[in-house]
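Source file: target-v6.tsv. Holds: TSV, C-alpha atoms.
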```tsv
chain	number	residue	atom	x	y	z
A	1	MET	CA	66.01	-166.08	-53.14
A	2	ASN	CA	69.40	-166.03	-54.89
A	3	THR	CA	70.09	-163.75	-57.87
A	4	LEU	CA	70.20	-166.57	-60.43
A	5	THR	CA	66.81	-167.93	-59.35
A	6	ALA	CA	65.34	-164.45	-59.45
A	7	ARG	CA	66.61	-163.94	-62.98
A	8	ARG	CA	65.14	-167.24	-64.11
A	9	ARG	CA	61.78	-166.33	-62.66
A	10	VAL	CA	61.83	-162.95	-64.37
A	11	ALA	CA	62.70	-164.66	-67.66
A	12	LEU	CA	59.81	-167.08	-67.26
A	13	ALA	CA	57.44	-164.20	-66.44
A	14	ALA	CA	58.60	-162.34	-69.52
A	15	ALA	CA	58.00	-165.41	-71.71
A	16	ALA	CA	54.49	-165.78	-70.30
A	17	PHE	CA	53.83	-162.10	-71.01
A	18	VAL	CA	54.92	-162.53	-74.64
A	19	THR	CA	52.50	-165.43	-75.05
A	20	ALA	CA	49.65	-163.39	-73.57
A	21	VAL	CA	50.37	-160.46	-75.89
A	22	ALA	CA	50.38	-162.75	-78.92
A	23	VAL	CA	47.00	-164.20	-77.94
A	24	LEU	CA	45.45	-160.81	-77.21
A	25	ALA	CA	46.72	-159.31	-80.46
A	26	GLY	CA	44.30	-161.50	-82.39
A	27	CYS	CA	41.30	-160.31	-80.36
A	28	SER	CA	39.32	-157.11	-80.76
A	29	ALA	CA	39.74	-154.53	-78.00
A	30	PRO	CA	36.95	-154.42	-75.40
A	31	VAL	CA	34.66	-151.40	-75.46
A	32	ASN	CA	36.05	-149.97	-72.23
A	33	GLY	CA	39.69	-150.82	-72.94
A	34	GLY	CA	41.91	-151.92	-70.07
A	35	ALA	CA	41.74	-150.05	-66.78
A	36	ASN	CA	45.12	-148.92	-65.52
A	37	GLY	CA	46.80	-150.08	-62.35
A	38	GLY	CA	49.00	-152.95	-61.22
A	39	ALA	CA	52.53	-153.77	-62.24
A	40	SER	CA	53.67	-155.70	-65.28
A	41	ALA	CA	57.13	-156.33	-66.66
A	42	GLY	CA	58.85	-157.84	-69.64
A	43	ALA	CA	59.66	-157.01	-73.25
A	44	PRO	CA	58.55	-159.12	-76.23
A	45	ALA	CA	61.39	-160.61	-78.24
A	46	THR	CA	59.67	-159.77	-81.51
A	47	ALA	CA	57.11	-157.14	-82.47
A	48	ALA	CA	53.47	-158.08	-81.88
A	49	ALA	CA	50.93	-157.96	-84.67
A	50	ALA	CA	49.80	-154.43	-85.48
A	51	PRO	CA	46.89	-153.36	-83.25
A	52	SER	CA	43.65	-152.13	-84.78
A	53	LEU	CA	43.23	-148.44	-85.53
A	54	GLU	CA	39.51	-148.73	-84.85
A	55	PHE	CA	37.88	-147.78	-81.58
A	56	THR	CA	34.33	-147.69	-80.28
A	57	GLY	CA	32.33	-145.41	-78.05
A	58	PRO	CA	31.00	-146.36	-74.59
A	59	ASN	CA	27.92	-147.95	-76.18
A	60	GLY	CA	29.73	-149.46	-79.15
A	61	GLU	CA	29.36	-146.38	-81.36
A	62	LYS	CA	31.55	-146.21	-84.46
A	63	PRO	CA	33.26	-142.84	-85.00
A	64	GLY	CA	32.89	-140.60	-88.02
A	65	PRO	CA	34.79	-137.41	-88.93
A	66	LEU	CA	33.96	-133.98	-87.50
A	67	SER	CA	32.69	-132.98	-90.94
A	68	ASP	CA	29.65	-135.19	-90.33
A	69	LEU	CA	28.35	-132.42	-88.01
A	70	ALA	CA	28.58	-129.62	-90.60
A	71	LEU	CA	25.56	-127.30	-90.72
A	72	SER	CA	23.82	-126.15	-93.88
A	73	ASP	CA	23.09	-122.50	-94.66
A	74	GLU	CA	19.44	-123.23	-93.92
A	75	ASP	CA	20.37	-124.64	-90.51
A	76	VAL	CA	22.39	-121.55	-89.69
A	77	ALA	CA	19.56	-119.21	-90.73
A	78	LYS	CA	17.05	-121.05	-88.54
A	79	ILE	CA	19.28	-120.92	-85.48
A	80	LYS	CA	20.13	-117.25	-85.95
A	81	ALA	CA	16.43	-116.47	-86.02
A	82	GLY	CA	15.99	-117.95	-82.54
A	83	LYS	CA	17.13	-116.79	-79.11
A	84	PHE	CA	19.17	-119.74	-77.94
A	85	THR	CA	21.69	-120.03	-75.11
A	86	ALA	CA	24.43	-122.46	-74.15
A	87	ALA	CA	26.42	-123.48	-71.05
A	88	PHE	CA	29.54	-125.54	-70.33
A	89	VAL	CA	29.83	-128.11	-67.53
A	90	TRP	CA	33.47	-129.23	-67.55
A	91	HIS	CA	35.30	-131.87	-65.53
A	92	THR	CA	38.44	-129.77	-64.98
A	93	ALA	CA	40.32	-126.73	-66.25
A	94	GLY	CA	43.47	-126.43	-68.35
A	95	ASP	CA	44.81	-125.39	-71.74
A	96	PHE	CA	42.96	-128.19	-73.56
A	97	VAL	CA	39.57	-127.42	-72.03
A	98	ALA	CA	40.08	-123.70	-72.62
A	99	ALA	CA	40.86	-124.33	-76.29
A	100	VAL	CA	37.82	-126.56	-76.76
A	101	GLU	CA	35.62	-123.94	-75.16
A	102	ARG	CA	37.17	-121.24	-77.32
A	103	GLY	CA	36.27	-123.23	-80.44
A	104	ALA	CA	32.72	-123.80	-79.21
A	105	ARG	CA	32.24	-120.17	-78.20
A	106	ALA	CA	33.38	-118.96	-81.61
A	107	GLU	CA	30.85	-121.23	-83.31
A	108	PHE	CA	28.08	-120.23	-80.91
A	109	GLU	CA	28.85	-116.58	-81.62
A	110	ARG	CA	28.69	-117.22	-85.37
A	111	LEU	CA	25.28	-118.80	-84.86
A	112	GLY	CA	23.93	-116.06	-82.59
A	113	ILE	CA	23.85	-118.32	-79.52
A	114	THR	CA	24.65	-116.66	-76.17
A	115	VAL	CA	26.88	-118.47	-73.65
A	116	VAL	CA	25.39	-118.01	-70.17
A	117	ALA	CA	27.71	-120.11	-67.97
A	118	SER	CA	30.93	-122.11	-67.80
A	119	THR	CA	31.85	-124.31	-64.82
A	120	GLN	CA	34.57	-126.81	-63.96
A	121	ALA	CA	34.64	-129.40	-61.19
A	122	ASP	CA	38.31	-130.20	-60.42
A	123	PHE	CA	37.46	-133.86	-61.13
A	124	ASP	CA	35.00	-133.93	-58.23
A	125	ALA	CA	31.63	-135.53	-58.97
A	126	GLY	CA	29.88	-133.72	-56.11
A	127	THR	CA	31.11	-130.36	-57.32
A	128	GLN	CA	29.92	-131.16	-60.82
A	129	ALA	CA	26.46	-132.11	-59.51
A	130	ASN	CA	26.23	-128.71	-57.78
A	131	ASN	CA	27.46	-126.97	-60.93
A	132	ILE	CA	24.68	-128.59	-62.93
A	133	GLN	CA	22.06	-127.28	-60.52
A	134	THR	CA	23.50	-123.78	-60.84
A	135	VAL	CA	23.69	-123.94	-64.63
A	136	MET	CA	20.18	-125.32	-65.07
A	137	ALA	CA	18.74	-122.39	-63.13
A	138	LEU	CA	19.68	-120.37	-66.25
A	139	LYS	CA	17.72	-122.75	-68.52
A	140	PRO	CA	20.31	-123.03	-71.33
A	141	SER	CA	19.14	-124.38	-74.67
A	142	ILE	CA	22.37	-126.41	-75.05
A	143	VAL	CA	24.61	-127.93	-72.38
A	144	VAL	CA	28.12	-129.04	-73.35
A	145	ALA	CA	29.46	-131.43	-70.72
A	146	ILE	CA	31.72	-134.32	-69.77
A	147	ALA	CA	30.91	-136.64	-66.89
A	148	VAL	CA	33.50	-136.71	-64.09
A	149	ASP	CA	32.13	-140.02	-62.82
A	150	PRO	CA	29.89	-141.82	-65.34
A	151	THR	CA	28.04	-143.79	-62.66
A	152	SER	CA	26.98	-140.91	-60.40
A	153	ALA	CA	26.45	-138.65	-63.44
A	154	ALA	CA	23.52	-140.85	-64.47
A	155	THR	CA	21.67	-139.13	-61.64
A	156	SER	CA	23.41	-135.75	-61.46
A	157	PHE	CA	22.90	-135.06	-65.19
A	158	LYS	CA	19.17	-135.79	-64.99
A	159	PRO	CA	18.20	-132.12	-64.43
A	160	ILE	CA	19.68	-131.35	-67.86
A	161	ILE	CA	17.40	-133.92	-69.47
A	162	ASP	CA	14.36	-132.96	-67.39
A	163	GLY	CA	14.98	-129.28	-68.14
A	164	GLY	CA	14.74	-129.86	-71.88
A	165	SER	CA	18.28	-128.74	-72.72
A	166	LYS	CA	20.08	-130.44	-75.58
A	167	LEU	CA	23.04	-132.27	-74.04
A	168	VAL	CA	26.22	-132.79	-76.07
A	169	ILE	CA	29.13	-134.75	-74.69
A	170	MET	CA	32.86	-134.24	-74.92
A	171	THR	CA	34.29	-137.75	-74.63
A	172	THR	CA	32.44	-139.26	-71.65
A	173	PRO	CA	28.65	-139.50	-71.10
A	174	PRO	CA	26.82	-140.64	-67.96
A	175	ALA	CA	26.42	-144.41	-67.66
A	176	GLY	CA	23.32	-145.67	-69.44
A	177	TYR	CA	22.88	-142.53	-71.57
A	178	THR	CA	22.74	-143.07	-75.31
A	179	ALA	CA	23.01	-140.84	-78.37
A	180	GLY	CA	19.70	-139.76	-79.86
A	181	LYS	CA	17.97	-140.20	-76.50
A	182	GLU	CA	19.55	-138.51	-73.49
A	183	PHE	CA	22.24	-136.71	-75.49
A	184	VAL	CA	22.84	-135.69	-79.10
A	185	SER	CA	26.41	-136.79	-79.87
A	186	ILE	CA	29.81	-137.56	-78.39
A	187	VAL	CA	32.63	-135.44	-79.82
A	188	THR	CA	36.15	-136.64	-79.06
A	189	GLU	CA	39.49	-137.43	-80.69
A	190	ASP	CA	40.51	-140.60	-82.49
A	191	LEU	CA	41.69	-142.63	-79.50
A	192	ALA	CA	43.45	-145.41	-81.38
A	193	LYS	CA	45.45	-142.94	-83.46
A	194	ALA	CA	46.27	-140.90	-80.36
A	195	GLY	CA	47.64	-143.97	-78.57
A	196	LYS	CA	49.74	-144.83	-81.62
A	197	ALA	CA	51.06	-141.27	-81.85
A	198	ASN	CA	52.11	-141.33	-78.17
A	199	ALA	CA	53.92	-144.62	-78.70
A	200	GLU	CA	55.77	-143.31	-81.74
A	201	VAL	CA	56.83	-140.04	-80.11
A	202	LEU	CA	58.24	-141.77	-77.03
A	203	GLY	CA	59.59	-144.77	-78.92
A	204	ASP	CA	61.47	-142.62	-81.40
A	205	ALA	CA	62.78	-140.33	-78.64
A	206	LEU	CA	64.28	-143.38	-76.91
A	207	GLY	CA	65.81	-144.72	-80.10
A	208	GLY	CA	63.51	-147.73	-80.02
A	209	SER	CA	64.80	-149.38	-76.83
A	210	GLY	CA	64.77	-149.04	-73.07
A	211	GLU	CA	62.54	-149.38	-70.01
A	212	ILE	CA	59.42	-147.24	-69.66
A	213	GLY	CA	56.60	-146.82	-67.18
A	214	VAL	CA	52.94	-145.92	-67.55
A	215	VAL	CA	51.20	-143.45	-65.23
A	216	GLY	CA	47.59	-143.97	-66.26
A	217	TYR	CA	44.20	-142.89	-64.98
A	218	ASN	CA	43.03	-145.69	-62.69
A	219	ALA	CA	39.28	-145.42	-63.24
A	220	ASN	CA	36.56	-146.86	-65.43
A	221	PHE	CA	36.71	-144.00	-67.92
A	222	TRP	CA	36.17	-145.45	-71.39
A	223	PHE	CA	37.88	-142.58	-73.20
A	224	THR	CA	41.13	-142.63	-71.25
A	225	ASN	CA	41.12	-146.43	-70.88
A	226	GLN	CA	41.06	-146.95	-74.64
A	227	ARG	CA	43.73	-144.35	-75.34
A	228	ASP	CA	46.05	-145.74	-72.65
A	229	LYS	CA	45.54	-149.27	-73.95
A	230	ALA	CA	46.27	-148.15	-77.51
A	231	PHE	CA	49.58	-146.67	-76.34
A	232	LYS	CA	50.61	-149.94	-74.70
A	233	ASP	CA	49.48	-152.01	-77.68
A	234	TRP	CA	51.42	-149.88	-80.18
A	235	ILE	CA	54.57	-149.82	-78.04
A	236	GLY	CA	54.46	-153.62	-78.00
A	237	SER	CA	53.87	-153.78	-81.74
A	238	GLU	CA	56.29	-151.17	-83.08
A	239	TYR	CA	59.05	-151.20	-80.44
A	240	PRO	CA	59.88	-154.78	-79.37
A	241	LYS	CA	63.02	-153.57	-77.56
A	242	ILE	CA	61.03	-151.25	-75.30
A	243	SER	CA	59.80	-152.82	-72.06
A	244	ILE	CA	56.92	-151.49	-69.95
A	245	VAL	CA	58.29	-152.28	-66.51
A	246	GLU	CA	55.35	-150.94	-64.53
A	247	ASP	CA	51.79	-149.73	-65.14
A	248	ALA	CA	51.10	-147.41	-62.20
A	249	GLY	CA	47.69	-145.85	-61.74
A	250	PHE	CA	46.48	-142.59	-60.23
A	251	ALA	CA	43.02	-141.51	-59.11
A	252	LYS	CA	43.68	-137.76	-58.80
A	253	GLU	CA	46.00	-135.43	-60.67
A	254	THR	CA	47.56	-134.36	-57.38
A	255	GLU	CA	48.88	-137.91	-56.90
A	256	THR	CA	51.01	-138.15	-60.03
A	257	GLN	CA	54.20	-136.66	-58.60
A	258	THR	CA	54.21	-139.21	-55.79
A	259	VAL	CA	53.36	-142.07	-58.16
A	260	ALA	CA	56.11	-141.05	-60.59
A	261	ALA	CA	58.69	-140.56	-57.83
A	262	ALA	CA	58.09	-144.12	-56.64
A	263	LEU	CA	58.29	-145.40	-60.21
A	264	ILE	CA	61.65	-143.68	-60.79
A	265	ALA	CA	63.09	-144.89	-57.48
A	266	LYS	CA	61.99	-148.47	-58.12
A	267	HIS	CA	63.32	-148.67	-61.67
A	268	PRO	CA	66.80	-147.08	-61.94
A	269	ASN	CA	67.05	-147.92	-65.65
A	270	LEU	CA	63.80	-146.14	-66.51
A	271	LYS	CA	64.09	-144.00	-69.65
A	272	GLY	CA	60.52	-142.94	-70.43
A	273	ILE	CA	57.05	-142.41	-68.96
A	274	TYR	CA	53.64	-142.22	-70.62
A	275	VAL	CA	51.00	-140.16	-68.78
A	276	SER	CA	47.28	-140.17	-69.58
A	277	TRP	CA	46.96	-136.39	-70.02
A	278	ALA	CA	48.93	-133.19	-69.72
A	279	THR	CA	47.82	-131.60	-66.45
A	280	ALA	CA	48.46	-134.95	-64.75
A	281	ALA	CA	51.85	-135.05	-66.48
A	282	GLN	CA	52.93	-131.85	-64.74
A	283	GLY	CA	53.39	-133.81	-61.52
A	284	VAL	CA	55.35	-136.48	-63.36
A	285	LEU	CA	57.68	-133.86	-64.81
A	286	ALA	CA	58.17	-132.43	-61.32
A	287	ALA	CA	59.15	-135.89	-60.07
A	288	ILE	CA	61.65	-136.32	-62.91
A	289	LYS	CA	63.26	-132.98	-62.09
A	290	ALA	CA	63.31	-133.70	-58.37
A	291	SER	CA	65.09	-137.01	-59.01
A	292	GLY	CA	67.93	-135.20	-60.76
A	293	ARG	CA	67.51	-137.50	-63.76
A	294	THR	CA	68.03	-135.85	-67.14
A	295	ASP	CA	67.68	-139.08	-69.13
A	296	ILE	CA	63.96	-139.74	-68.52
A	297	GLN	CA	61.45	-138.39	-71.05
A	298	LEU	CA	57.67	-138.31	-70.91
A	299	VAL	CA	54.91	-138.20	-73.48
A	300	THR	CA	51.30	-137.27	-72.88
A	301	ASN	CA	48.03	-136.11	-74.40
A	302	ASP	CA	46.91	-132.49	-74.81
A	303	ILE	CA	49.19	-129.51	-75.38
A	304	ASP	CA	50.07	-127.80	-72.12
A	305	THR	CA	51.81	-124.49	-71.45
A	306	ALA	CA	54.03	-125.74	-68.62
A	307	LEU	CA	55.09	-128.88	-70.48
A	308	ALA	CA	55.66	-126.97	-73.71
A	309	ALA	CA	57.93	-124.50	-71.91
A	310	ALA	CA	59.88	-127.39	-70.37
A	311	MET	CA	60.19	-129.05	-73.77
A	312	THR	CA	61.86	-125.98	-75.26
A	313	THR	CA	64.33	-125.42	-72.43
A	314	GLY	CA	65.66	-128.86	-71.61
A	315	PRO	CA	65.15	-132.62	-71.35
A	316	GLY	CA	62.12	-134.21	-69.77
A	317	VAL	CA	59.33	-133.91	-72.36
A	318	ALA	CA	59.62	-135.95	-75.56
A	319	GLY	CA	56.34	-134.62	-76.90
A	320	MET	CA	52.61	-134.10	-76.53
A	321	ILE	CA	49.70	-135.22	-78.67
A	322	GLY	CA	47.33	-132.49	-79.80
A	323	ASN	CA	43.66	-133.39	-80.07
A	324	GLY	CA	42.37	-130.91	-82.62
A	325	SER	CA	40.90	-129.02	-79.67
A	326	VAL	CA	39.33	-126.04	-81.45
A	327	GLY	CA	37.75	-128.41	-83.96
A	328	ILE	CA	36.29	-130.49	-81.14
A	329	GLY	CA	34.76	-127.31	-79.73
A	330	THR	CA	33.23	-126.40	-83.08
A	331	GLY	CA	31.84	-129.92	-83.36
A	332	LEU	CA	30.27	-129.74	-79.91
A	333	ALA	CA	28.51	-126.51	-80.81
A	334	ASP	CA	27.27	-127.89	-84.12
A	335	ALA	CA	26.05	-131.08	-82.45
A	336	GLY	CA	24.03	-128.99	-80.01
A	337	VAL	CA	22.49	-127.08	-82.91
A	338	SER	CA	21.54	-130.34	-84.61
A	339	GLY	CA	19.69	-131.24	-81.42
A	340	LEU	CA	17.83	-127.93	-81.40
A	341	LEU	CA	16.81	-128.45	-85.03
A	342	GLY	CA	15.68	-132.00	-84.42
A	343	LYS	CA	18.22	-133.26	-86.97
A	344	ALA	CA	19.66	-136.75	-86.77
A	345	ALA	CA	23.32	-136.47	-85.75
A	346	PRO	CA	26.08	-139.09	-85.67
A	347	ALA	CA	26.43	-140.78	-82.29
A	348	LEU	CA	30.21	-140.32	-82.22
A	349	VAL	CA	32.61	-138.12	-84.18
A	350	ALA	CA	36.36	-137.83	-83.76
A	351	SER	CA	39.13	-135.37	-84.56
A	352	GLU	CA	42.59	-136.28	-85.83
A	353	PRO	CA	45.43	-136.17	-83.26
A	354	THR	CA	48.75	-134.46	-84.00
A	355	LYS	CA	52.27	-135.23	-82.78
A	356	VAL	CA	53.85	-132.14	-81.23
A	357	THR	CA	57.56	-132.07	-80.37
A	358	ALA	CA	60.13	-129.33	-79.90
A	359	LYS	CA	60.71	-129.32	-83.66
A	360	ASN	CA	57.14	-128.38	-84.60
A	361	LEU	CA	55.87	-126.83	-81.37
A	362	ALA	CA	54.79	-123.46	-82.80
A	363	ASP	CA	52.97	-125.00	-85.77
A	364	GLY	CA	51.47	-127.76	-83.63
A	365	TRP	CA	50.23	-125.28	-81.03
A	366	LYS	CA	48.55	-123.14	-83.65
A	367	ALA	CA	47.01	-126.13	-85.43
A	368	ASP	CA	45.53	-127.46	-82.21
A	369	TYR	CA	44.64	-124.29	-80.32
A	370	GLY	CA	44.20	-121.79	-83.14
A	371	THR	CA	46.62	-119.29	-81.59
A	372	GLU	CA	50.32	-118.61	-81.44
A	373	PRO	CA	52.06	-120.17	-78.41
A	374	PRO	CA	52.44	-117.75	-75.50
A	375	ALA	CA	55.68	-115.99	-74.62
A	376	SER	CA	56.14	-118.32	-71.63
A	377	VAL	CA	56.58	-121.12	-74.16
A	378	THR	CA	58.56	-119.38	-76.89
A	379	GLY	CA	60.60	-117.07	-74.67
A	380	LYS	CA	59.84	-114.20	-77.06
```

Go ahead and render the structure in this file as structure tokens.
Amino acid sequence: MNTLTARRRVALAAAAFVTAVAVLAGCSAPVNGGANGGASAGAPATAAAAPSLEFTGPNGEKPGPLSDLALSDEDVAKIKAGKFTAAFVWHTAGDFVAAVERGARAEFERLGITVVASTQADFDAGTQANNIQTVMALKPSIVVAIAVDPTSAATSFKPIIDGGSKLVIMTTPPAGYTAGKEFVSIVTEDLAKAGKANAEVLGDALGGSGEIGVVGYNANFWFTNQRDKAFKDWIGSEYPKISIVEDAGFAKETETQTVAAALIAKHPNLKGIYVSWATAAQGVLAAIKASGRTDIQLVTNDIDTALAAAMTTGPGVAGMIGNGSVGIGTGLADAGVSGLLGKAAPALVASEPTKVTAKNLADGWKADYGTEPPASVTGK
């Protein structure tokens, strides 16, 4: 194939992509968003119509604010009079999860509820199933959890239901579970706004033009799928001179350095990378550094110590999107209490995301995590 023919084919592919974007912009987003993976290229000549800032839960739930879970003085008095316990069954560890748990623990302590266990599964469904068996031996009144794999969790989470614990979900429930039946509520962040915030942080850092790649979670995970899709939609809408040259997926966090290295090698004009979440982004940052490129910047979700430190000392991290982590934790605790009291609770509530860059890192860290950033970040 000669160079001229290749260029014509690329131009035709780009035109077809523009047409597809224009058609899709008039349609509502599917409940599970678009799964990541596969390559796509091309930049629209003009900005697409603004995407919707609405999103839905895995069963079509409409989100409300965290304030919808607020407890009355009477609720608090009733719970304090009991002898209730709680446990955490997490999917992974990290600064974000630690901050959410800190918020939940503080609320449980205020309500006189004792935390009896906290586990994490390193994104392994089998490990999480074993963790659930261990936790349920302690018969907690409330279980705060997130399904690693929604399909297998439909079975592995059953001991929580059979044991009579009140299950509250951070972001992702088991497949087939619904609010008000198997679990009380889903507490998450506003996914559409988070995707938009990621697009704006990276788009502004690049001056509104250039080639970027996506390193997204390649799994049927409604939460991440919707947020990743929102990023791509808002890039296309607000930054018509930015081209997503490849949408590369990963199944495990340990794969992201290899995925990003291949992306950088394949696209020498790459200027930016979006990554689904912060601990996965650590591998992407390592790949950027290993390539010797100082002109590639990444953006991701969650505030992370390693990424924050890198953002303050040199190029590589355009910004991170905070989730309102401590508030999510408080909401999870309050949702569990609503379940204990037999109160109707909203099926889905969402926190407001926050853009965090080098300019507002200290304030953003405190707003999201409720603490001052550590010395490893500030250098103080």

Rank nothing, just name the residue among A:Ser291, A:Thr300, A:Ser72, A:Thr151 nearest to Thr357 (chain A), using only C-alpha atoms. A:Thr300

So how far away is CA of Gly322 (chain A) from CA of Asp302 (chain A), in Å?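 CA of Gly322 (chain A) lies at a distance of 5.0 Å from CA of Asp302 (chain A).
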
Can you pull out every residue within 12 Å of Trp365 (chain A), counting all atoms listed in the file, but drop anything in the same chain fewer than 2 positions away, and send it as number ranges by chain? A: 95-96, 99, 302-305, 308-309, 319-326, 354-363, 367-374, 377-378

Shortest interatomic distance to Lys196 (chain A) - which of A:Glu352, A:Asp122, A:Glu101, A:Glu107, counting all atoms listed in the file: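 Answer, going by the shortest atom-to-atom distance: A:Glu352.
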
Give me the residues within 8 Å of Asp75 (chain A) as a PyMOL selection string, counting all atoms listed in the file and dropping any in the same chain fewer than 4 places off. chain A and resi 71+79+341

For the selection you just gave me, I'd like the residues written to a file as a short mmCIF file (atom, residue, chain, number, x, y, z; two decimals), in the coordinates of the input, keeping C-alpha atoms.
```cif
data_model
loop_
_atom_site.label_atom_id
_atom_site.label_comp_id
_atom_site.auth_asym_id
_atom_site.auth_seq_id
_atom_site.Cartn_x
_atom_site.Cartn_y
_atom_site.Cartn_z
CA LEU A 71 25.56 -127.30 -90.72
CA ILE A 79 19.28 -120.92 -85.48
CA LEU A 341 16.81 -128.45 -85.03
#
```

Please provide the set of residues having any atom within 7 Å of region 172-177 of chain A, restricted to only C-alpha atoms, with same-chain residues fewer than 6 positions apart removed, written as a PyMOL selection string. chain A and resi 146-147+150-151+153-154+223

Nearest to Lys139 (chain A) by atom-to-atom distance, counting only C-alpha atoms, from A:Ala104, A:Ala86, A:Val349, A:Ile288: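 The answer is A:Ala86, which sits nearest to Lys139 (chain A).
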
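Considering only C-alpha atoms, the residue among A:Gly331, A:Gly210, A:Gly249, A:Pro353 positioned nearest to Ile169 (chain A) is A:Gly331.
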
Can you sort out the box for region 185-190 of chain A, edges along x, y and z, all listed atoms in, 4 Å on every side, with centre and edge lengths in Å to one decimal, as AutoDock Vina command-line options?
```
--center_x 33.5 --center_y -138.0 --center_z -80.4 --size_x 22.1 --size_y 13.2 --size_z 12.1
```

Can you measure CA of Gly180 (chain A) to CA of Asn59 (chain A) for me? One decimal in Å is fine.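 A separation of 12.2 Å between them.
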
Please indicate the distance in Å from CA of Asp73 (chain A) to CA of Ala347 (chain A), rounded to one decimal place.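 So the answer is 22.3 Å.
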
Which of these residues is nearest to Ile244 (chain A), using all atoms listed in the file: A:Leu348, A:Leu66, A:Val144, A:Leu270? A:Leu270

Counting all atoms listed in the file, which of A:Lys271, A:Ser156, A:Gly314, A:Val89 gets nearest to Gln297 (chain A)?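 Closest residue, counting all atoms listed in the file: A:Lys271.
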
Exercise: His91 (chain A) partners within 9 Å, all atoms listed in the file, chain neighbours under 3 positions left out, as a list in words: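 That gives Val97, Thr119, Gln120, Ala121, Asp122, Phe123, Asp124, Ala125, Gln128, Ala145, Ile146, Ala147 and Val148 of chain A.
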
For the residues in that selection, give me C-alpha atoms as a JSON list (two decimals), keeping the file's coordinate frame.
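Full text of again-v3.json as output:
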```
[["chain", "number", "residue", "atom", "x", "y", "z"],
["A", 97, "VAL", "CA", 39.57, -127.42, -72.03],
["A", 119, "THR", "CA", 31.85, -124.31, -64.82],
["A", 120, "GLN", "CA", 34.57, -126.81, -63.96],
["A", 121, "ALA", "CA", 34.64, -129.40, -61.19],
["A", 122, "ASP", "CA", 38.31, -130.20, -60.42],
["A", 123, "PHE", "CA", 37.46, -133.86, -61.13],
["A", 124, "ASP", "CA", 35.00, -133.93, -58.23],
["A", 125, "ALA", "CA", 31.63, -135.53, -58.97],
["A", 128, "GLN", "CA", 29.92, -131.16, -60.82],
["A", 145, "ALA", "CA", 29.46, -131.43, -70.72],
["A", 146, "ILE", "CA", 31.72, -134.32, -69.77],
["A", 147, "ALA", "CA", 30.91, -136.64, -66.89],
["A", 148, "VAL", "CA", 33.50, -136.71, -64.09]]
```

If you count all atoms listed in the file, which residues fall within 9 Å of Ala281 (chain A), apart from same-chain ones fewer than 2 positions away, as a list in words?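 The filter keeps Val215, Glu253, Thr256, Gln257, Tyr274, Val275, Ser276, Trp277, Ala278, Thr279, Gly283, Val284, Leu285, Ala286, Leu298, Val299, Thr300, Asn301 and Leu307 of chain A.
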
List every protein, DNA or RNA residue that has an atom no more than 7 Å from (66.2, -141.2, -66.5) in the file's coordinate frame, counting only C-alpha atoms, and report them as a ChimeraX atom specification. /A:269-271,293-296
